[in-house]
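Peer 1: The following block contains the structure, expressed as structure tokens.
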Amino acid sequence: NAGVMQNPRHLVRRRGQEARLRCSPVKGHSHVYWYRQLPEEGLKFMVYLQKENIIDESGMPKERFSAEFPKEGPSILRIQQVVRGDSAAYFCASSPPFGDTQYFGPGTRLTVL
Amino acid sequence: AQKITQTQPGMFVQEKEAVTLDCTYDTSDQSYGLFWYKQPSSGEMIFLIYQGSYDEQNATEGRYSLNFQKARKSANLVISASQLGDSAMYFCAMREVNAGGTSYGKLTFGQGTILTVHP
């Protein structure tokens with residue numbers, strides 16, 4: 001009974017490169033959320049997706065960041081032309097269609113050199 | 001806008017004692033959910049306990065209980081019989097619930113409290 005899977009767990013990129021973070025939700029969960037945690041801070045909401053739809057992207061930076069949750073396959077958070085300020089832990093969470101609780105993956109630690 | 005405040009940056013407790021971690025919230029929504037998550041040094045986020053705004057009873061899950069005082073807008077986490085493995089960062093979070101009682105979406109997190117359990 002697998003929980004939320006995220007890969008890679010650690011990702012190192014140089015400034016200007018692209019980062020792709022993957023999230024496979026709990027089987028049967030159709031809602032996916034992405035959060036970012038900067039050092040010494042709490043988690044900040046980025047985007048909420050259902051299969052093939054972006055429901056709420058109010059926390060996403062306007063440029064360079066995009067997210068998708070295709071009909072088949074994992075959810076992807078994509079950061080283009082990364083900068084040092086993008087260094088953070090990125091968490092994915094999932095919930096069932098009518099569930100109350102979001103279950104988190106282990107996170108991806110992105111380091112931008 | 002929703003806001004969560006955790007005023008205790010750090011707390012210390014002796015093993016086997018109880019400890020209360022404070023959380024206050026601000027929302028204009030009538031329906032909402034309150035959560036506590038634990039983040040150990042390994043970094044993952046572990047769900048601990050949930051309280052719905054219309055739940056009359058305080059939520060309990062094993063050694064965890066949520067002291068929900070709606071009028072004061074507080075949702076303190078009580079950990080009984082602390083264990084060394086309880087040492088971690090603890091986050092309080094809130095999510096609005098729509099009129100149909102189904103989940104809406106994003107969680108708003110507090111800044112967290114670092115709990116250290118001494119032997």
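Ordering of the structure tokens sets the chain letters (A, B, ...), residue numbers begin anew at 1 in every chain, and ligands are numbered from 1 in the order given.
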Taking only C-alpha atoms into account, which residues of chain B are within 8 Å of chain A, as a PyMOL selection string?
Peer 2: chain B and resi 33+43-47+50+91+102-103+105-112
Peer 1: Among chain A, which ones does DSSP assign to strand (DSSP E or B) (computed from the backbone)? Answer as a ChimeraX atom specification.
Peer 2: /A:5-7,10-13,19-24,31-37,43-50,53-56,65-68,75-79,88-95,103-104,108-112
Peer 1: Might you pull out every residue within 7 Å of Lys3 (chain B), with only C-alpha atoms counted and same-chain residues fewer than 4 positions away left off, and present them as an NGL selection string?
Peer 2: :B and (25-27 or 108)
Peer 1: Restrict the selected residues to N, CA and C atoms and save them as a compact mmCIF listing (two decimals), in the first residue's frame.
Peer 2:
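Listing of part.txt after writing:
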```
# COMPACT_ATOMS: atom_id res chain seq x y z
N TYR B 25 -5.63 30.50 14.96
CA TYR B 25 -5.92 30.68 13.55
C TYR B 25 -6.87 31.84 13.35
N ASP B 26 -6.91 32.30 12.14
CA ASP B 26 -7.79 33.40 11.79
C ASP B 26 -8.42 33.08 10.45
N THR B 27 -9.74 33.06 10.42
CA THR B 27 -10.45 32.81 9.18
C THR B 27 -11.84 33.40 9.27
N THR B 108 -2.98 26.03 4.66
CA THR B 108 -2.18 27.16 5.11
C THR B 108 -1.46 26.73 6.37
```
Peer 1: Pick from B:Gln39, B:Gln69, B:Ser82, B:Thr5: nearest to Tyr54 (chain B), with only C-alpha atoms counted?
Peer 2: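 Among the listed residues, the smallest separation from Tyr54 (chain B) belongs to B:Gln69.
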Peer 1: Would you work out the distance separating CA of Gly10 (chain B) from CA of Leu115 (chain B), expressed in Å to one decimal?
Peer 2: 5.9 Å
Peer 1: Here is a test: counting only C-alpha atoms, which residue of B:Arg95, B:Arg63, B:Pro9, B:Val117 is nearest to Ala81 (chain B)?
Peer 2: B:Arg63
Peer 1: If I take CA of Phe69 (chain A) and CA of Ile49 (chain B), how far is one from the other in Å, to one decimal?
Peer 2: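 Atom-to-atom, CA of Phe69 (chain A) and CA of Ile49 (chain B) are spaced 27.6 Å apart.
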Peer 1: When you count only C-alpha atoms, which of these residues is closest to Thr24 (chain B): B:Ala88, B:Lys73, B:Phe68, B:Phe12?
Peer 2: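 That would be B:Lys73, the residue with the smallest distance to Thr24 (chain B).
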Peer 1: Would you work out the distance separating CA of Leu34 (chain B) from CA of Gly52 (chain B), expressed in Å to one decimal?
Peer 2: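 So the two atoms, CA of Leu34 (chain B) and CA of Gly52 (chain B), lie 6.3 Å apart.
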Peer 1: Counting only C-alpha atoms, which residue out of B:Ala59, B:Leu21, B:Ala75, B:Cys92 sits closest to Gln8 (chain B)?
Peer 2: B:Leu21
